[in-house]
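*Asks:* final.pdb is reproduced in full below (PDB, C-alpha atoms).
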```pdb
ATOM      1  CA  MET A   1       7.473  48.138 -66.941
ATOM      2  CA  GLY A   2       5.920  51.140 -65.210
ATOM      3  CA  THR A   3       3.057  50.863 -62.749
ATOM      4  CA  GLU A   4       0.787  52.808 -65.086
ATOM      5  CA  THR A   5       1.397  50.234 -67.828
ATOM      6  CA  THR A   6       0.683  47.302 -65.537
ATOM      7  CA  ASP A   7      -2.457  48.988 -64.228
ATOM      8  CA  LEU A   8      -3.815  49.671 -67.733
ATOM      9  CA  ARG A   9      -3.221  46.101 -68.861
ATOM     10  CA  ALA A  10      -4.953  44.680 -65.804
ATOM     11  CA  ALA A  11      -7.868  47.069 -66.180
ATOM     12  CA  LEU A  12      -8.333  46.240 -69.865
ATOM     13  CA  ALA A  13      -8.292  42.546 -69.045
ATOM     14  CA  ARG A  14     -11.255  43.144 -66.712
ATOM     15  CA  GLN A  15     -13.130  45.546 -69.005
ATOM     16  CA  PRO A  16     -11.947  44.815 -72.548
ATOM     17  CA  VAL A  17     -13.820  47.425 -74.597
ATOM     18  CA  ILE A  18     -12.777  50.971 -75.466
ATOM     19  CA  ALA A  19     -15.363  53.188 -77.157
ATOM     20  CA  VAL A  20     -13.669  55.334 -79.794
ATOM     21  CA  VAL A  21     -15.628  58.505 -80.459
ATOM     22  CA  ARG A  22     -15.168  60.435 -83.691
ATOM     23  CA  ALA A  23     -17.816  63.112 -83.936
ATOM     24  CA  PRO A  24     -17.978  66.665 -85.291
ATOM     25  CA  VAL A  25     -19.852  67.764 -82.159
ATOM     26  CA  ILE A  26     -19.934  66.467 -78.591
ATOM     27  CA  PRO A  27     -22.641  68.368 -76.693
ATOM     28  CA  ASP A  28     -21.803  66.825 -73.306
ATOM     29  CA  ALA A  29     -18.712  64.657 -72.877
ATOM     30  CA  VAL A  30     -19.649  63.664 -69.332
ATOM     31  CA  ALA A  31     -23.112  62.499 -70.389
ATOM     32  CA  LEU A  32     -21.549  60.600 -73.270
ATOM     33  CA  CYS A  33     -19.148  58.745 -70.986
ATOM     34  CA  GLU A  34     -21.920  58.035 -68.493
ATOM     35  CA  ALA A  35     -24.171  56.664 -71.240
ATOM     36  CA  LEU A  36     -21.414  54.312 -72.356
ATOM     37  CA  ALA A  37     -20.653  53.254 -68.787
ATOM     38  CA  GLU A  38     -24.333  52.524 -68.175
ATOM     39  CA  GLY A  39     -24.169  50.215 -71.176
ATOM     40  CA  GLY A  40     -21.117  48.435 -69.791
ATOM     41  CA  ILE A  41     -18.287  50.241 -71.597
ATOM     42  CA  ALA A  42     -16.087  51.964 -69.033
ATOM     43  CA  TRP A  43     -13.345  53.271 -71.340
ATOM     44  CA  THR A  44     -13.882  56.207 -73.681
ATOM     45  CA  GLU A  45     -11.376  57.554 -76.203
ATOM     46  CA  LEU A  46     -11.986  60.961 -77.738
ATOM     47  CA  THR A  47      -9.850  61.729 -80.749
ATOM     48  CA  PHE A  48      -7.930  64.749 -81.960
ATOM     49  CA  THR A  49     -10.097  64.695 -85.081
ATOM     50  CA  THR A  50     -12.872  66.115 -82.863
ATOM     51  CA  PRO A  51     -13.000  69.923 -82.496
ATOM     52  CA  ASP A  52     -12.046  71.178 -79.015
ATOM     53  CA  VAL A  53     -11.189  67.654 -77.928
ATOM     54  CA  THR A  54      -9.043  68.732 -74.985
ATOM     55  CA  ARG A  55     -11.927  70.740 -73.542
ATOM     56  CA  HIS A  56     -14.138  67.654 -73.691
ATOM     57  CA  VAL A  57     -11.416  65.489 -72.174
ATOM     58  CA  ALA A  58     -10.949  67.974 -69.342
ATOM     59  CA  ARG A  59     -14.649  67.966 -68.486
ATOM     60  CA  ALA A  60     -14.872  64.178 -68.557
ATOM     61  CA  ALA A  61     -11.698  63.763 -66.519
ATOM     62  CA  ALA A  62     -12.921  66.233 -63.897
ATOM     63  CA  ALA A  63     -16.085  64.165 -63.554
ATOM     64  CA  GLY A  64     -14.055  61.021 -62.898
ATOM     65  CA  CYS A  65     -14.665  59.335 -66.259
ATOM     66  CA  ARG A  66     -12.142  56.830 -67.595
ATOM     67  CA  ILE A  67     -11.149  59.044 -70.486
ATOM     68  CA  GLY A  68      -8.277  58.947 -72.940
ATOM     69  CA  VAL A  69      -7.330  60.846 -76.059
ATOM     70  CA  GLY A  70      -6.591  59.261 -79.414
ATOM     71  CA  THR A  71      -5.222  59.976 -82.875
ATOM     72  CA  VAL A  72      -2.264  61.504 -81.047
ATOM     73  CA  LEU A  73       0.376  62.261 -83.659
ATOM     74  CA  THR A  74       2.744  64.756 -82.042
ATOM     75  CA  ALA A  75       4.444  65.439 -78.728
ATOM     76  CA  GLU A  76       2.495  68.703 -78.516
ATOM     77  CA  GLN A  77      -0.819  66.874 -78.826
ATOM     78  CA  ALA A  78       0.359  64.380 -76.212
ATOM     79  CA  ARG A  79       1.208  67.191 -73.806
ATOM     80  CA  ASP A  80      -2.136  68.894 -74.449
ATOM     81  CA  GLY A  81      -4.053  65.679 -73.860
ATOM     82  CA  ILE A  82      -2.159  64.920 -70.659
ATOM     83  CA  ALA A  83      -2.659  68.475 -69.399
ATOM     84  CA  ALA A  84      -6.403  68.082 -69.999
ATOM     85  CA  GLY A  85      -6.458  65.012 -67.794
ATOM     86  CA  ALA A  86      -6.349  62.116 -70.256
ATOM     87  CA  GLY A  87      -5.617  58.888 -68.425
ATOM     88  CA  PHE A  88      -4.162  57.233 -71.514
ATOM     89  CA  LEU A  89      -3.044  58.138 -75.027
ATOM     90  CA  VAL A  90      -3.701  56.258 -78.256
ATOM     91  CA  THR A  91      -1.813  56.596 -81.533
ATOM     92  CA  PRO A  92      -2.782  55.295 -84.987
ATOM     93  CA  GLY A  93       0.797  54.229 -85.699
ATOM     94  CA  LEU A  94       4.333  54.349 -84.360
ATOM     95  CA  ARG A  95       5.001  57.778 -82.832
ATOM     96  CA  PRO A  96       8.293  57.847 -80.891
ATOM     97  CA  ALA A  97       7.852  61.452 -79.730
ATOM     98  CA  VAL A  98       4.413  60.652 -78.310
ATOM     99  CA  ALA A  99       5.827  57.615 -76.528
ATOM    100  CA  GLU A 100       8.607  59.693 -74.986
ATOM    101  CA  THR A 101       6.196  62.389 -73.817
ATOM    102  CA  ALA A 102       3.877  59.809 -72.292
ATOM    103  CA  ARG A 103       6.751  58.053 -70.552
ATOM    104  CA  GLU A 104       8.008  61.301 -69.029
ATOM    105  CA  ALA A 105       4.513  62.068 -67.738
ATOM    106  CA  GLY A 106       3.860  58.559 -66.462
ATOM    107  CA  ILE A 107       0.844  58.142 -68.751
ATOM    108  CA  PRO A 108       0.289  54.837 -70.597
ATOM    109  CA  VAL A 109       0.129  54.867 -74.370
ATOM    110  CA  VAL A 110      -1.637  52.378 -76.615
ATOM    111  CA  MET A 111       0.431  52.512 -79.777
ATOM    112  CA  GLY A 112      -0.830  51.607 -83.222
ATOM    113  CA  ALA A 113       0.893  48.943 -85.317
ATOM    114  CA  LEU A 114       0.021  46.416 -87.998
ATOM    115  CA  THR A 115       2.995  44.309 -89.031
ATOM    116  CA  PRO A 116       5.013  42.024 -86.738
ATOM    117  CA  SER A 117       7.960  44.417 -87.012
ATOM    118  CA  GLU A 118       5.773  47.364 -86.006
ATOM    119  CA  VAL A 119       4.443  45.421 -83.021
ATOM    120  CA  ALA A 120       8.036  44.869 -81.856
ATOM    121  CA  ASP A 121       8.846  48.545 -82.390
ATOM    122  CA  ALA A 122       5.803  49.596 -80.362
ATOM    123  CA  VAL A 123       6.919  47.360 -77.496
ATOM    124  CA  ASP A 124      10.440  48.813 -77.685
ATOM    125  CA  LEU A 125       8.935  52.302 -77.458
ATOM    126  CA  GLY A 126       7.275  51.352 -74.187
ATOM    127  CA  ALA A 127       3.674  50.884 -75.320
ATOM    128  CA  ALA A 128       1.367  49.694 -72.545
ATOM    129  CA  ALA A 129      -0.573  47.830 -75.234
ATOM    130  CA  VAL A 130      -0.349  47.583 -79.011
ATOM    131  CA  LYS A 131      -3.362  48.590 -81.064
ATOM    132  CA  VAL A 132      -3.492  46.481 -84.213
ATOM    133  CA  PHE A 133      -5.033  48.797 -86.785
ATOM    134  CA  PRO A 134      -6.891  48.292 -89.005
ATOM    135  CA  ALA A 135      -7.836  44.950 -87.445
ATOM    136  CA  LYS A 136     -10.329  44.202 -90.206
ATOM    137  CA  ALA A 137      -7.510  44.090 -92.748
ATOM    138  CA  PHE A 138      -6.485  40.605 -91.616
ATOM    139  CA  GLY A 139      -9.297  39.528 -89.308
ATOM    140  CA  PRO A 140      -9.348  37.728 -85.947
ATOM    141  CA  GLY A 141      -7.031  34.948 -87.106
ATOM    142  CA  TYR A 142      -4.195  37.444 -87.432
ATOM    143  CA  PHE A 143      -4.204  37.902 -83.673
ATOM    144  CA  LYS A 144      -3.629  34.190 -83.163
ATOM    145  CA  ASP A 145      -0.701  34.427 -85.594
ATOM    146  CA  LEU A 146       0.789  37.360 -83.672
ATOM    147  CA  ARG A 147       0.440  35.442 -80.418
ATOM    148  CA  GLY A 148       3.063  32.989 -81.697
ATOM    149  CA  PRO A 149       6.067  35.329 -81.613
ATOM    150  CA  TYR A 150       4.480  37.752 -79.119
ATOM    151  CA  PRO A 151       2.675  35.670 -76.475
ATOM    152  CA  ASP A 152       2.998  38.313 -73.780
ATOM    153  CA  VAL A 153       2.229  41.460 -75.790
ATOM    154  CA  PRO A 154      -1.221  42.909 -74.978
ATOM    155  CA  LEU A 155      -2.970  43.453 -78.310
ATOM    156  CA  VAL A 156      -5.994  45.674 -78.909
ATOM    157  CA  ALA A 157      -8.132  45.184 -82.000
ATOM    158  CA  SER A 158      -9.214  48.443 -83.643
ATOM    159  CA  GLY A 159     -10.834  49.266 -86.968
ATOM    160  CA  GLY A 160     -13.776  47.293 -88.279
ATOM    161  CA  VAL A 161     -14.630  45.698 -84.935
ATOM    162  CA  ASN A 162     -18.354  45.310 -84.259
ATOM    163  CA  ALA A 163     -20.811  43.235 -82.267
ATOM    164  CA  GLY A 164     -20.640  40.519 -84.902
ATOM    165  CA  ASN A 165     -16.892  39.884 -84.676
ATOM    166  CA  ALA A 166     -15.633  41.340 -81.373
ATOM    167  CA  ARG A 167     -15.858  38.021 -79.533
ATOM    168  CA  ALA A 168     -13.766  36.369 -82.252
ATOM    169  CA  PHE A 169     -10.975  38.940 -81.841
ATOM    170  CA  LEU A 170     -10.880  38.284 -78.093
ATOM    171  CA  ASP A 171     -10.980  34.513 -78.607
ATOM    172  CA  HIS A 172      -8.036  34.718 -81.005
ATOM    173  CA  GLY A 173      -5.769  36.612 -78.646
ATOM    174  CA  ALA A 174      -6.769  40.266 -78.387
ATOM    175  CA  LEU A 175      -6.678  41.627 -74.845
ATOM    176  CA  ALA A 176      -9.310  44.225 -75.736
ATOM    177  CA  VAL A 177     -11.270  45.649 -78.651
ATOM    178  CA  CYS A 178     -12.247  49.137 -79.772
ATOM    179  CA  ALA A 179     -15.909  49.840 -80.472
ATOM    180  CA  GLY A 180     -16.471  52.550 -83.050
ATOM    181  CA  THR A 181     -19.417  53.882 -85.002
ATOM    182  CA  ASP A 182     -21.613  50.850 -84.320
ATOM    183  CA  VAL A 183     -21.750  51.991 -80.690
ATOM    184  CA  VAL A 184     -21.117  55.722 -81.011
ATOM    185  CA  PRO A 185     -22.472  56.907 -84.388
ATOM    186  CA  PRO A 186     -21.369  60.503 -84.964
ATOM    187  CA  GLN A 187     -24.950  61.670 -85.460
ATOM    188  CA  ALA A 188     -26.184  60.040 -82.263
ATOM    189  CA  VAL A 189     -23.336  61.702 -80.374
ATOM    190  CA  ALA A 190     -24.033  65.083 -81.953
ATOM    191  CA  ASP A 191     -27.746  64.747 -81.154
ATOM    192  CA  GLY A 192     -27.022  63.791 -77.552
ATOM    193  CA  ASP A 193     -29.049  60.602 -77.963
ATOM    194  CA  TRP A 194     -27.599  59.010 -74.854
ATOM    195  CA  ALA A 195     -30.341  56.381 -74.542
ATOM    196  CA  ASP A 196     -29.493  55.074 -78.008
ATOM    197  CA  ILE A 197     -25.789  54.981 -77.179
ATOM    198  CA  THR A 198     -26.461  53.094 -73.938
ATOM    199  CA  ARG A 199     -28.564  50.600 -75.885
ATOM    200  CA  ARG A 200     -25.837  50.128 -78.460
ATOM    201  CA  ALA A 201     -23.207  49.670 -75.746
ATOM    202  CA  LYS A 202     -25.331  47.029 -74.023
ATOM    203  CA  GLU A 203     -25.752  45.148 -77.296
ATOM    204  CA  PHE A 204     -22.007  45.242 -77.933
ATOM    205  CA  ILE A 205     -21.194  43.981 -74.440
ATOM    206  CA  ALA A 206     -23.849  41.277 -74.717
ATOM    207  CA  SER A 207     -22.207  40.027 -77.916
ATOM    208  CA  LEU A 208     -19.059  39.188 -75.954
ATOM    209  CA  GLY A 209     -20.965  36.463 -74.090
TER     210      GLY A 209
END
```
Once more with this new file: its structure as structure tokens, please.
*Replies:*
Amino acid sequence: MGTETTDLRAALARQPVIAVVRAPVIPDAVALCEALAEGGIAWTELTFTTPDVTRHVARAAAAGCRIGVGTVLTAEQARDGIAAGAGFLVTPGLRPAVAETAREAGIPVVMGALTPSEVADAVDLGAAAVKVFPAKAFGPGYFKDLRGPYPDVPLVASGGVNAGNARAFLDHGALAVCAGTDVVPPQAVADGDWADITRRAKEFIASLG
């Protein structure tokens, strides 16, 4: 296990929420990350579904934000994200080429999976953590089931996680959860409504108890 993998796992254990931003426009990536951090969410993932995502990642990384890039499907995207300064990569599913690129660069990857077999494959590919997506498909109890055969695999719940169920995912075995549009609505991001995003982040964190 590489140092970068160990570090990411330990950091997620301390701060178990990643804000996943999918927005057509990000007027100020640094302000976005700072608004989330003020609300208690230190980790921000910008996705390749966002126009000019690497430019936003580069600005946030230069400002010292804990920024990663998601929806990484190809080795080329992985290289672009790493070159921009992403501290971690996230995939929606099993992507061996992304895993290899991340490993060569010493960058941790959170790899998407759903079935028990896919979880094992993600671990074999060197994932720092396994993102169970879409988590809402089976609910929090599924994480307890996965803990049986995989007690030491760090699982991240993504897809359908909100302030009403995030605590349950953590209680049932998730190391961390991904906060999506409940915290970072695309319109609020596009409008630069940072106060609203900070408020939403605080509410999400408060729901964890």
*Asks:* Just give me the gap between atom CA of Ala42 of chain A and atom CA of Arg66 of chain A in Å, one decimal is fine.
*Replies:* 6.4 Å
*Asks:* Counting all atoms listed in the file, what is within 8 Å of Glu45 of chain A, bar same-chain residues fewer than 5 positions away, as a list of chain:residue names?
*Replies:*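 What passes the distance filter is A:Ile18, A:Ala19, A:Val20, A:Val21, A:Ile67, A:Gly68, A:Val69, A:Gly70.
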*Asks:* Please determine, counting only C-alpha atoms, which residue among A:Phe204, A:Phe88, A:Trp194, A:Tyr150 has the shortest atom-to-atom distance to Arg103 of chain A.
*Replies:*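 Closest candidate: A:Phe88.
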*Asks:* Residues picked by the PyMOL selection byres ((chain A and resi 152) around 12) here, as a ChimeraX atom specification?
*Replies:* /A:9,119-120,123,128-130,146-151,153-155,173-175
*Asks:* Going by the chain IDs and residue numbers used in this file, which residues fall under the PyMOL selection byres ((chain A and resi 132-136) around 10)? Write them as a short mmCIF file (atom, residue, chain, number, x, y, z; two decimals) with C-alpha atoms, keeping the file's coordinate frame.
*Replies:*
```
data_model
loop_
_atom_site.label_atom_id
_atom_site.label_comp_id
_atom_site.auth_asym_id
_atom_site.auth_seq_id
_atom_site.Cartn_x
_atom_site.Cartn_y
_atom_site.Cartn_z
CA THR A 91 -1.81 56.60 -81.53
CA PRO A 92 -2.78 55.30 -84.99
CA GLY A 93 0.80 54.23 -85.70
CA VAL A 110 -1.64 52.38 -76.61
CA MET A 111 0.43 52.51 -79.78
CA GLY A 112 -0.83 51.61 -83.22
CA ALA A 113 0.89 48.94 -85.32
CA LEU A 114 0.02 46.42 -88.00
CA THR A 115 3.00 44.31 -89.03
CA PRO A 116 5.01 42.02 -86.74
CA GLU A 118 5.77 47.36 -86.01
CA VAL A 119 4.44 45.42 -83.02
CA ALA A 129 -0.57 47.83 -75.23
CA VAL A 130 -0.35 47.58 -79.01
CA LYS A 131 -3.36 48.59 -81.06
CA ALA A 137 -7.51 44.09 -92.75
CA PHE A 138 -6.48 40.60 -91.62
CA GLY A 139 -9.30 39.53 -89.31
CA PRO A 140 -9.35 37.73 -85.95
CA TYR A 142 -4.20 37.44 -87.43
CA PHE A 143 -4.20 37.90 -83.67
CA LEU A 155 -2.97 43.45 -78.31
CA VAL A 156 -5.99 45.67 -78.91
CA ALA A 157 -8.13 45.18 -82.00
CA SER A 158 -9.21 48.44 -83.64
CA GLY A 159 -10.83 49.27 -86.97
CA GLY A 160 -13.78 47.29 -88.28
CA VAL A 161 -14.63 45.70 -84.94
CA ASN A 165 -16.89 39.88 -84.68
CA PHE A 169 -10.98 38.94 -81.84
CA ALA A 174 -6.77 40.27 -78.39
CA VAL A 177 -11.27 45.65 -78.65
CA CYS A 178 -12.25 49.14 -79.77
#
```
*Asks:* Calculate how many Å separate atom CA of Ala61 of chain A from atom CA of Pro96 of chain A, rounding to one decimal.
*Replies:*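 Calculated distance between atom CA of Ala61 of chain A and atom CA of Pro96 of chain A is 25.3 Å.
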*Asks:* Which centre and edge lengths in Å to one decimal define the box along x, y and z that fits every listed atom of segment 117-134 of chain A plus 4 Å per side, as lines of an AutoDock Vina configuration file?
*Replies:*
```
center_x = 1.8
center_y = 48.4
center_z = -80.8
size_x = 25.3
size_y = 15.9
size_z = 24.5
```
*Asks:* Atom CA of Asp7 of chain A and atom CA of Gly40 of chain A are how many Å apart?
*Replies:*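 If I compute the distance from atom CA of Asp7 of chain A to atom CA of Gly40 of chain A, I get 19.5 Å.
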*Asks:* Just the residues within 8 Å of segment 50-53 of chain A, please, counting all atoms listed in the file, with nothing from its chain fewer than 4 positions along; format it as a PyMOL selection string.
*Replies:* chain A and resi 22-25+46+57
*Asks:* Which of these, A:Ala127, A:Val17, A:Ala97, A:Ile82, has the shortest distance to Ala206 of chain A once you count only C-alpha atoms?
*Replies:*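 Under the stated criterion, the closest residue is A:Val17.
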*Asks:* Carefully work through the PyMOL selection byres ((chain A and resi 63) around 10) for this structure and note down the residues it includes, as number ranges by chain.
*Replies:* A: 29-31, 33-34, 57-62, 64-67
*Asks:* Select, from A:Arg167, A:Arg79, A:Arg55, A:Arg200, the residue with the minimum atom-to-atom distance to Ala37 of chain A, counting all atoms listed in the file.
*Replies:*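 Using all atoms listed in the file, Ala37 of chain A sits closest to A:Arg200.
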*Asks:* Which residue gives the smallest distance to Glu100 of chain A among A:Asp124, A:Asp182, A:Asp28, A:Asp171, with all atoms listed in the file counted?
*Replies:*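 Ranking A:Asp124, A:Asp182, A:Asp28, A:Asp171 by distance to Glu100 of chain A, first place goes to A:Asp124.
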*Asks:* I need the residue nearest Leu94 of chain A from this list: A:Pro185, A:Gly141, A:Pro108, A:Gly126. Use all atoms listed in the file for the distance.
*Replies:*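 Using all atoms listed in the file, Leu94 of chain A sits closest to A:Gly126.
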*Asks:* May I ask which of the residues A:His56, A:Ala163, A:Ile26, A:Gly106 is the closest one to Pro186 of chain A, counting only C-alpha atoms?
*Replies:* A:Ile26
